[in-house]
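*Asks:* Here you go, final-v6.txt (compact mmCIF, C-alpha atoms):
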# COMPACT_ATOMS: atom_id res chain seq x y z
CA MET A 1054 0.00 0.00 0.00
CA ARG A 1055 2.81 2.44 0.80
CA ASN A 1056 4.39 2.44 -2.64
CA ILE A 1057 0.95 2.76 -4.19
CA PHE A 1058 0.08 5.68 -1.92
CA ARG A 1059 3.33 7.48 -2.56
CA CYS A 1060 3.12 7.15 -6.32
CA PHE A 1061 -0.55 8.10 -6.27
CA VAL A 1062 0.17 11.26 -4.33
CA VAL A 1063 3.08 12.24 -6.54
CA PHE A 1064 1.17 11.40 -9.73
CA ILE A 1065 -1.74 13.59 -8.76
CA LEU A 1066 0.26 16.51 -7.43
CA ILE A 1067 3.45 16.55 -9.46
CA GLN A 1068 3.01 14.02 -12.20
CA PRO A 1069 5.84 15.29 -14.46
CA ASN A 1070 8.38 14.87 -11.65
CA CYS A 1071 7.34 11.42 -10.44
CA LEU A 1072 10.15 9.54 -12.12
CA GLN A 1073 12.63 12.27 -11.28
CA LYS A 1074 11.65 12.07 -7.60
CA LYS A 1075 12.51 8.39 -7.50
CA ALA A 1076 15.76 8.96 -9.35
CA VAL A 1077 17.14 11.83 -7.27
CA ALA A 1078 18.90 10.85 -4.05
CA GLN A 1079 17.47 12.48 -0.96
CA ALA A 1080 19.70 15.20 0.50
CA CYS A 1081 19.81 17.18 3.74
CA SER A 1082 18.86 20.84 3.59
CA ASP A 1083 22.31 21.65 5.00
CA LYS A 1084 24.63 21.70 1.99
CA SER A 1085 27.54 21.02 4.35
CA ALA A 1086 25.87 18.14 6.22
CA THR A 1087 28.22 15.47 7.52
CA ALA A 1088 28.46 12.22 5.60
CA ALA A 1089 26.74 10.38 8.45
CA ALA A 1090 23.83 12.85 8.52
CA GLN A 1091 23.39 12.60 4.77
CA LYS A 1092 23.39 8.80 4.88
CA LEU A 1093 20.95 8.69 7.77
CA TYR A 1094 18.53 11.05 6.06
CA LYS A 1095 18.72 9.29 2.72
CA ASN A 1096 18.21 5.87 4.30
CA LEU A 1097 15.34 6.89 6.57
CA PHE A 1098 13.65 8.56 3.62
CA ALA A 1099 14.00 5.40 1.53
CA LEU A 1100 12.74 3.11 4.30
CA GLN A 1101 9.51 5.00 4.90
CA ASP A 1102 7.86 3.57 1.78
CA LYS A 1103 8.01 0.07 3.25
CA TYR A 1104 8.48 0.36 7.00
CA THR A 1105 7.63 2.37 10.09
CA ILE A 1106 10.20 2.50 12.88
CA PHE A 1107 8.92 2.41 16.46
CA GLY A 1108 10.34 5.00 18.83
CA GLN A 1109 9.87 6.05 22.45
CA GLN A 1110 10.89 9.00 24.60
CA ASP A 1111 13.42 8.42 27.41
CA ALA A 1112 13.18 4.66 26.90
CA LEU A 1113 16.63 3.82 28.25
CA ALA A 1114 16.61 6.15 31.25
CA TYR A 1115 13.61 4.88 33.19
CA GLY A 1116 10.36 2.95 33.02
CA VAL A 1117 7.45 1.94 35.19
CA GLY A 1118 8.97 1.09 38.58
CA TRP A 1119 12.66 1.57 37.71
CA ARG A 1120 15.24 4.22 36.85
CA TYR A 1121 18.77 4.14 35.42
CA ILE A 1122 19.38 0.41 35.04
CA ALA A 1123 22.04 -0.15 32.40
CA GLY A 1124 20.81 -1.93 29.28
CA GLN A 1125 17.15 -1.85 30.27
CA SER A 1126 13.98 -0.47 28.72
CA ASP A 1127 10.33 -1.36 29.29
CA VAL A 1128 10.09 -2.30 25.63
CA LYS A 1129 13.04 -4.66 25.98
CA LEU A 1130 11.50 -6.27 29.04
CA VAL A 1131 8.43 -7.11 26.92
CA VAL A 1132 9.85 -8.10 23.50
CA ASP A 1133 13.59 -8.48 24.15
CA ASP A 1134 14.28 -5.57 21.81
CA ASN A 1135 14.58 -1.81 22.06
CA PRO A 1136 12.91 1.00 20.11
CA GLY A 1137 14.48 1.79 16.75
CA VAL A 1138 14.26 5.52 17.45
CA TYR A 1139 15.18 7.08 20.79
CA GLY A 1140 13.64 10.39 21.80
CA TRP A 1141 15.30 12.76 24.28
CA ASP A 1142 14.75 16.33 25.47
CA ILE A 1143 17.39 18.87 26.41
CA GLY A 1144 15.17 21.32 28.29
CA GLY A 1145 17.37 22.82 30.99
CA ILE A 1146 20.61 22.68 29.00
CA GLU A 1147 20.17 26.39 28.26
CA LEU A 1148 20.55 27.18 31.98
CA GLY A 1149 23.55 24.94 32.48
CA ASP A 1150 21.51 22.45 34.53
CA LYS A 1151 22.94 19.02 35.26
CA LYS A 1152 19.57 17.35 34.58
CA ASN A 1153 16.86 17.98 32.02
CA LEU A 1154 13.32 19.00 32.89
CA ASP A 1155 12.40 15.34 33.45
CA SER A 1156 15.36 14.84 35.80
CA VAL A 1157 17.49 12.83 33.36
CA PRO A 1158 21.17 13.68 33.99
CA PHE A 1159 22.71 15.09 30.82
CA ASN A 1160 25.87 13.02 31.28
CA LEU A 1161 23.77 9.82 31.28
CA MET A 1162 21.70 11.06 28.35
CA LYS A 1163 24.87 11.43 26.31
CA GLU A 1164 25.81 7.84 27.14
CA TYR A 1165 22.36 6.59 26.14
CA ILE A 1166 22.47 8.49 22.85
CA ILE A 1167 25.92 7.20 21.95
CA GLY A 1168 24.93 3.64 22.90
CA GLY A 1169 21.75 3.77 20.84
CA TYR A 1170 23.67 5.08 17.85
CA GLU A 1171 26.28 2.34 18.18
CA ARG A 1172 23.49 -0.26 18.12
CA GLY A 1173 22.20 1.24 14.86
CA ALA A 1174 19.15 3.17 16.11
CA ALA A 1175 18.20 6.74 15.22
CA VAL A 1176 18.09 9.59 17.75
CA THR A 1177 15.72 12.56 17.92
CA ILE A 1178 16.01 15.47 20.35
CA SER A 1179 13.40 18.07 21.32
CA TRP A 1180 14.01 21.17 23.45
CA HIS A 1181 11.57 22.41 26.09
CA ALA A 1182 13.51 25.62 26.58
CA ARG A 1183 12.55 27.96 29.41
CA ASN A 1184 10.99 31.31 28.63
CA PRO A 1185 13.93 33.65 27.92
CA LEU A 1186 11.85 36.79 28.42
CA THR A 1187 10.32 36.04 31.82
CA GLY A 1188 12.42 33.22 33.22
CA GLY A 1189 9.33 31.01 33.36
CA ASN A 1190 9.05 27.52 31.95
CA SER A 1191 8.18 26.46 28.40
CA TRP A 1192 4.48 26.76 29.19
CA ASP A 1193 4.76 30.47 30.05
CA THR A 1194 3.01 31.88 26.97
CA THR A 1195 3.86 35.54 27.54
CA HIS A 1196 3.32 37.26 24.20
CA GLY A 1197 6.42 38.80 22.67
CA THR A 1198 8.90 36.19 23.87
CA VAL A 1199 9.82 35.07 20.36
CA ARG A 1200 10.22 38.68 19.26
CA SER A 1201 12.55 39.31 22.22
CA ILE A 1202 15.11 36.74 21.03
CA LEU A 1203 15.29 37.90 17.42
CA PRO A 1204 18.20 40.10 16.32
CA GLY A 1205 17.69 43.49 17.96
CA GLY A 1206 15.49 41.99 20.68
CA THR A 1207 16.12 42.49 24.40
CA LYS A 1208 16.93 38.80 24.92
CA HIS A 1209 18.78 38.11 21.68
CA ASP A 1210 22.21 37.94 23.27
CA LEU A 1211 20.86 35.66 26.01
CA TYR A 1212 19.34 33.37 23.40
CA LYS A 1213 22.67 33.07 21.61
CA THR A 1214 24.29 31.88 24.84
CA TRP A 1215 21.52 29.26 25.05
CA LEU A 1216 22.29 28.09 21.54
CA ASP A 1217 25.97 27.91 22.50
CA LYS A 1218 25.04 25.46 25.26
CA VAL A 1219 22.90 23.42 22.83
CA ALA A 1220 25.85 23.28 20.46
CA GLY A 1221 28.15 22.17 23.25
CA PHE A 1222 25.83 19.27 24.08
CA MET A 1223 25.52 18.22 20.45
CA ASN A 1224 29.27 18.38 19.93
CA ASP A 1225 29.81 15.99 22.83
CA LEU A 1226 27.90 13.28 20.93
CA LYS A 1227 30.72 11.48 19.12
CA ASP A 1228 31.22 7.95 17.89
CA LYS A 1229 34.30 5.85 18.69
CA ASN A 1230 36.14 7.48 15.82
CA GLY A 1231 35.43 10.98 17.09
CA GLU A 1232 32.84 11.71 14.38
CA SER A 1233 29.67 13.62 15.21
CA ILE A 1234 26.53 11.54 15.68
CA PRO A 1235 23.66 12.75 13.45
CA ILE A 1236 20.62 13.96 15.36
CA LEU A 1237 17.03 14.57 14.26
CA PHE A 1238 16.62 17.93 16.02
CA ARG A 1239 13.04 19.08 16.73
CA PRO A 1240 13.07 22.57 18.25
CA PHE A 1241 9.96 24.74 18.74
CA HIS A 1242 7.68 21.71 18.47
CA GLU A 1243 3.88 21.81 18.36
CA MET A 1244 3.86 25.43 17.25
CA THR A 1245 0.22 25.28 16.10
CA GLY A 1246 -0.84 24.69 19.70
CA ASN A 1247 -1.35 27.34 22.38
CA TRP A 1248 0.72 26.03 25.29
CA PHE A 1249 4.36 27.05 24.64
CA TRP A 1250 5.92 30.50 24.39
CA TRP A 1251 6.69 29.86 20.72
CA CYS A 1252 3.14 28.76 19.81
CA LYS A 1253 0.77 30.59 17.50
CA ASN A 1254 -1.05 32.40 20.32
CA ALA A 1255 2.19 33.95 21.58
CA SER A 1256 3.94 34.91 18.34
CA THR A 1257 3.20 35.69 14.70
CA PRO A 1258 4.05 33.38 11.78
CA ASP A 1259 6.67 35.86 10.57
CA GLU A 1260 8.29 35.96 14.00
CA PHE A 1261 8.34 32.17 14.18
CA LYS A 1262 9.88 31.86 10.71
CA ALA A 1263 12.51 34.44 11.64
CA VAL A 1264 13.50 32.70 14.88
CA TRP A 1265 13.58 29.31 13.14
CA ARG A 1266 15.87 30.64 10.40
CA PHE A 1267 18.09 32.43 12.91
CA THR A 1268 18.38 29.30 15.07
CA VAL A 1269 19.25 26.99 12.18
CA ASN A 1270 21.67 29.43 10.59
CA TYR A 1271 23.39 30.22 13.90
CA LEU A 1272 23.94 26.54 14.66
CA ARG A 1273 25.18 25.94 11.11
CA THR A 1274 27.34 28.97 10.48
CA GLU A 1275 28.45 30.17 13.91
CA LYS A 1276 28.66 26.85 15.73
CA LYS A 1277 29.56 24.70 12.69
CA LEU A 1278 26.97 22.03 13.52
CA HIS A 1279 26.39 20.05 10.35
CA GLN A 1280 25.19 16.82 11.95
CA LEU A 1281 21.67 18.07 12.63
CA ILE A 1282 18.62 17.04 10.61
CA TYR A 1283 15.88 19.58 11.33
CA VAL A 1284 12.35 18.41 12.14
CA TYR A 1285 9.48 20.86 11.55
CA ASN A 1286 6.67 19.91 13.92
CA THR A 1287 3.09 21.03 14.52
CA ALA A 1288 0.26 19.97 16.76
CA ASP A 1289 -3.25 19.63 15.29
CA PHE A 1290 -3.75 21.31 11.91
CA LYS A 1291 -6.82 21.64 9.73
CA ASN A 1292 -5.31 22.07 6.26
CA GLU A 1293 -2.10 22.58 4.32
CA ALA A 1294 -2.11 26.34 4.82
CA GLU A 1295 -2.26 25.97 8.60
CA PHE A 1296 0.48 23.32 8.60
CA LEU A 1297 2.81 25.52 6.56
CA ALA A 1298 1.90 28.87 8.14
CA CYS A 1299 5.15 28.94 10.15
CA TYR A 1300 7.30 26.96 7.72
CA ALA A 1301 10.53 28.91 7.17
CA GLY A 1302 11.64 27.20 3.96
CA ASP A 1303 12.93 24.01 2.39
CA ASP A 1304 16.52 25.10 3.00
CA VAL A 1305 16.11 25.02 6.78
CA ALA A 1306 13.92 21.93 7.32
CA ASP A 1307 14.34 18.26 6.51
CA VAL A 1308 11.48 16.38 8.16
CA LEU A 1309 7.80 17.30 8.27
CA SER A 1310 5.85 16.04 11.26
CA PHE A 1311 3.09 16.58 13.77
CA ASP A 1312 2.08 15.35 17.23
CA LEU A 1313 -1.33 13.90 18.03
CA TYR A 1314 -2.54 11.99 21.09
CA GLN A 1315 -5.68 10.02 21.85
CA HIS A 1316 -7.63 11.32 24.86
CA GLY A 1317 -10.10 8.91 26.40
CA VAL A 1318 -11.01 5.31 25.60
CA GLU A 1319 -14.70 5.62 24.84
CA GLU A 1320 -15.61 4.82 21.24
CA ALA A 1321 -16.23 8.46 20.35
CA SER A 1322 -12.70 9.42 21.48
CA ARG A 1323 -11.16 6.51 19.63
CA THR A 1324 -13.08 7.29 16.44
CA TYR A 1325 -12.12 10.96 16.63
CA PHE A 1326 -8.46 10.10 17.12
CA VAL A 1327 -8.35 7.60 14.23
CA ASN A 1328 -10.18 9.89 11.83
CA ASN A 1329 -8.18 12.96 12.80
CA LEU A 1330 -4.88 11.08 12.65
CA SER A 1331 -5.65 9.62 9.22
CA ARG A 1332 -6.78 12.99 7.87
CA GLN A 1333 -3.64 14.76 9.04
CA LEU A 1334 -1.34 11.96 7.87
CA ASP A 1335 -2.93 12.19 4.45
CA LEU A 1336 -2.24 15.93 4.33
CA LEU A 1337 1.25 15.56 5.79
CA CYS A 1338 2.33 12.92 3.28
CA LYS A 1339 0.99 14.91 0.34
CA ILE A 1340 2.88 18.00 1.50
CA ALA A 1341 6.03 15.96 2.10
CA ALA A 1342 5.77 14.43 -1.38
CA THR A 1343 5.59 17.83 -3.05
CA LYS A 1344 8.60 19.04 -1.07
CA ASN A 1345 10.57 15.79 -1.33
CA LYS A 1346 10.85 15.69 2.47
CA MET A 1347 10.66 12.89 4.99
CA ALA A 1348 7.44 12.56 7.00
CA THR A 1349 6.96 11.27 10.53
CA LEU A 1350 4.53 11.08 13.44
CA ALA A 1351 6.82 12.66 16.01
CA GLU A 1352 4.65 12.07 19.10
CA THR A 1353 1.55 10.05 19.79
CA GLY A 1354 0.02 7.74 22.36
CA LEU A 1355 -2.80 6.96 24.75
CA GLU A 1356 -1.98 7.59 28.39
CA ALA A 1357 -1.82 4.37 30.44
CA ILE A 1358 -3.05 2.42 27.37
CA PRO A 1359 -6.24 1.01 28.93
CA ASP A 1360 -7.27 -0.38 25.54
CA PRO A 1361 -5.81 -3.94 25.37
CA THR A 1362 -5.73 -3.91 21.55
CA TRP A 1363 -4.64 -0.30 21.00
CA TRP A 1364 -1.48 -1.13 19.01
CA THR A 1365 -3.04 -3.38 16.37
CA GLY A 1366 -6.63 -2.17 16.64
CA THR A 1367 -6.22 1.61 16.75
CA LEU A 1368 -2.69 2.90 16.06
CA TRP A 1369 -1.62 0.55 13.28
CA PRO A 1370 -4.82 0.73 11.18
CA ALA A 1371 -4.57 4.54 11.30
CA ILE A 1372 -0.93 4.79 10.17
CA LYS A 1373 -0.15 1.66 8.15
CA ASP A 1374 -1.01 3.03 4.70
CA TYR A 1375 1.03 6.22 5.03
CA PRO A 1376 4.75 6.55 4.25
CA ILE A 1377 6.00 7.84 7.60
CA SER A 1378 9.52 7.08 8.72
CA TYR A 1379 8.79 6.54 12.39
CA VAL A 1380 6.12 6.80 15.06
CA LEU A 1381 7.22 7.79 18.56
CA VAL A 1382 5.23 7.35 21.77
CA TRP A 1383 5.94 9.41 24.85
CA ARG A 1384 7.73 8.37 28.00
CA ASN A 1385 6.99 5.75 30.66
CA HIS A 1386 7.18 7.91 33.76
CA GLY A 1387 5.08 5.65 35.96
CA PHE A 1388 3.07 6.91 38.93
CA MET A 1389 2.84 10.69 39.27
CA LYS A 1390 2.29 11.47 42.94
CA GLN A 1391 1.18 15.08 42.50
CA GLU A 1392 -1.41 14.18 39.86
CA ASN A 1393 -2.23 10.86 41.59
CA LYS A 1394 -2.23 8.87 38.36
CA MET A 1395 -0.14 6.60 36.18
CA HIS A 1396 1.64 8.42 33.35
CA TYR A 1397 3.07 6.22 30.60
CA TYR A 1398 2.57 5.65 26.86
CA GLY A 1399 4.47 2.42 26.17
CA VAL A 1400 4.09 -1.12 27.40
CA TYR A 1401 5.82 -2.76 30.35
CA PRO A 1402 5.53 -6.31 31.73
CA GLY A 1403 1.98 -6.98 32.87
CA GLN A 1404 0.48 -3.91 31.19
CA ALA A 1405 -2.99 -4.43 29.68
CA SER A 1406 -1.83 -4.14 26.05
CA GLU A 1407 1.30 -6.28 26.44
CA ALA A 1408 0.03 -9.20 24.34
CA ASP A 1409 -1.18 -6.86 21.60
CA PHE A 1410 2.15 -5.05 21.56
CA LYS A 1411 3.95 -8.37 21.09
CA LYS A 1412 1.64 -9.08 18.16
CA TRP A 1413 2.40 -5.67 16.65
CA TYR A 1414 6.12 -6.22 17.21
CA SER A 1415 5.91 -9.28 14.93
CA PHE A 1416 4.54 -7.28 11.98
CA PRO A 1417 7.23 -7.22 9.24
CA GLN A 1418 6.49 -3.56 8.40
CA VAL A 1419 7.37 -2.39 11.92
CA LEU A 1420 11.05 -1.95 12.79
CA PHE A 1421 12.62 -2.04 16.23
CA GLU A 1422 16.31 -1.81 17.10
CA LYS A 1423 17.35 -5.30 15.99
CA LYS A 1424 15.76 -4.91 12.57
CA ILE A 1425 16.86 -1.33 12.09
CA LYS A 1426 20.44 -2.41 12.79
CA LYS A 1427 20.23 -4.78 9.82
CA GLN A 1428 19.13 -1.85 7.64
CA ASN A 1429 22.47 -0.08 8.28
CA ILE A 1430 20.90 3.38 8.29
CA TYR A 1431 24.30 5.02 8.80
CA LYS A 1432 25.97 3.25 5.87
Do you think you could lay out the structure here as structure tokens?
*Replies:*
Amino acid sequence: MRNIFRCFVVFILIQPNCLQKKAVAQACSDKSATAAAQKLYKNLFALQDKYTIFGQQDALAYGVGWRYIAGQSDVKLVVDDNPGVYGWDIGGIELGDKKNLDSVPFNLMKEYIIGGYERGAAVTISWHARNPLTGGNSWDTTHGTVRSILPGGTKHDLYKTWLDKVAGFMNDLKDKNGESIPILFRPFHEMTGNWFWWCKNASTPDEFKAVWRFTVNYLRTEKKLHQLIYVYNTADFKNEAEFLACYAGDDVADVLSFDLYQHGVEEASRTYFVNNLSRQLDLLCKIAATKNKMATLAETGLEAIPDPTWWTGTLWPAIKDYPISYVLVWRNHGFMKQENKMHYYGVYPGQASEADFKKWYSFPQVLFEKKIKKQNIYK
């Protein structure tokens, strides 16, 4: 179905270039991208027509009932395999903190990233940066924050020091030969929402485009980071115009993506999620085809997964016919005392959807770490 869908989309939208699209090798937007970054991007782009890689946030750092056990993940405890994509967040790096906003020590995070890379998995990093204007957290939506960090803004110099710290973290991620590990970098995520200081309710599209371009160009030209693959990411969107409203250009973005979660297990919530997810994936993949960009579902999930067949009965039917490189579920925090609830999005031993997850794991179109290693995505 994936090859059919891709060709159908390209035939309808850009019929004259269909054969050319297949013939031209995929390239990073950074003309000076490292060889490893170029290979990773090209290989992930090629794989998405046939496979979807499973990813999870913070998978190696902790799970339900445990933290910082070397070589462990909840996924591995269930299927004796790890995710094929590891998600991490560097919120707090801008302040020089020792731990990120979810209390993962940055020194351990670096070890996890390097280890995942050495086993052949891909790595994606988001950044819940604090509010540079007020000193509040990412969810402080004070209007004018984005404008304050643009050139000429009151917090521009501060923001550059934050980017210097981001660059320092990225430059510490080296393989055994001292080469930089390529990272799928997803800054300013979910910008079509209304909950972060960079979202649409707190800045204008022009301001967002300007800060995106400044950020990418600063990291490329000033900090010489050429191992980053940039992921443009929205929350819910109604149409192509809304998805691209803050898009700064093909020369500063490599991956097109969005985040969408299921809320509630009643049939109406499930139906809404499936229909909304399919509609947005259809739009995303059409846009990606016209731009010759990789597409992905950067975040999704159902908190605590009370549906015992969610993986094969809800998630997979909604995504299986769309050429997305990977699907990433959020972290397995476990019990949250303050909220008095369980907070996790992946399986663990004994979880209600464990048997269904094992069934999904066996699907040949779904790649975890062992299978992605055989694909040699860095070669």
*Asks:* When you count all atoms listed in the file, which of these residues is closest to Leu1281 in chain A: A:Lys1262, A:Thr1087, A:Ile1106, A:Ala1123?
*Replies:* A:Thr1087
*Asks:* Neighbouring residues of Gln1079 in chain A were defined as those with any atom within 9 Å, considering only C-alpha atoms; residues of the same chain fewer than 2 positions away were excluded. Please report them as a list in words.
*Replies:*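 My reading of the contact set: Lys1074, Val1077, Cys1081, Gln1091, Tyr1094, Lys1095, Asn1096, Phe1098, Ala1099, Asn1345 and Lys1346 of chain A.
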*Asks:* Which residue out of A:Tyr1397, A:Trp1251, A:Trp1383, A:Phe1326 has the minimum interatomic distance to Pro1136 in chain A when only C-alpha atoms are used?
*Replies:* A:Trp1383
*Asks:* Within 8 Å of His1196 in chain A, counting only C-alpha atoms, which residues qualify if same-chain residues fewer than 6 places away don't, as a list in words?
*Replies:*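 Here the qualifying residues turn out to be Trp1250, Asn1254, Ala1255 and Ser1256 of chain A.
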*Asks:* Using all atoms listed in the file, find all polymer residues with an atom at most 12 Å away from the point (15.9, 16.8, 16.1); report them as a VMD selection string.
*Replies:* chain A and resid 1090 1094 1138 to 1143 1175 to 1180 1219 1223 1234 to 1242 1269 1280 to 1286 1306 to 1310 1349 1351
*Asks:* Please provide the set of residues having any atom within 12 Å of Asn1230 in chain A, restricted to only C-alpha atoms, with same-chain residues fewer than 4 positions apart removed, written as a count of residues only.
*Replies:* 4
*Asks:* What's the separation between CA of Gly1168 in chain A and CA of Lys1229 in chain A, in Å to one decimal place?
*Replies:*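 Between CA of Gly1168 in chain A and CA of Lys1229 in chain A the gap is 10.5 Å.
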*Asks:* Could you jot down the CA of Phe1107 in chain A to CA of Asn1160 in chain A separation for me, Å, one decimal place?
*Replies:*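 Between CA of Phe1107 in chain A and CA of Asn1160 in chain A the gap is 24.9 Å.
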*Asks:* At a cut-off of 10 Å around the point (24.2, 22.9, 31.0) (file coordinates), what residues fall inside when counting only C-alpha atoms? I'd like the answer as a PyMOL selection string.
*Replies:* chain A and resi 1143-1153+1159+1215+1218-1219+1221-1222
*Asks:* Grab the CA of Gly1354 in chain A to CA of Val1382 in chain A distance for me, in Å with one decimal place.
*Replies:*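 We find that CA of Gly1354 in chain A and CA of Val1382 in chain A lie 5.3 Å from each other.
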*Asks:* Considering only C-alpha atoms, can you say which of A:Glu1260, A:Lys1084, A:Trp1265, A:Glu1352 comes closest to Thr1287 in chain A?
*Replies:*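 The shortest atom-to-atom distance to Thr1287 in chain A comes from A:Glu1352.
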*Asks:* Give me the residues near Thr1268 in chain A as an NGL selection string, where near means some atom within 10 Å (using all atoms listed in the file) and where sequence neighbours in that chain fewer than 2 positions away do not count.
*Replies:* :A and (1203 or 1212-1213 or 1216 or 1240 or 1262-1266 or 1270-1273 or 1305)
*Asks:* Determine the nearest neighbour of Met1244 in chain A from the options A:Thr1194, A:Asn1292, A:Asn1329, A:Thr1214, counting only C-alpha atoms.
*Replies:*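 Of all the options, A:Thr1194 lies closest to Met1244 in chain A.
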*Asks:* With all atoms listed in the file as the atoms that count, which of A:Thr1274, A:Asn1190, A:Gln1428, A:Asn1385 lies nearest to Leu1355 in chain A?
*Replies:*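 Looking at the shortest contact to Leu1355 in chain A, the residue is A:Asn1385.
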*Asks:* Would you mind telling me which residue in A:Gln1391, A:Lys1276, A:Pro1376, A:Arg1120 lies nearest to Asn1224 in chain A when using only C-alpha atoms?
*Replies:*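 Residue with the minimum atom-to-atom distance to Asn1224 in chain A: A:Lys1276.
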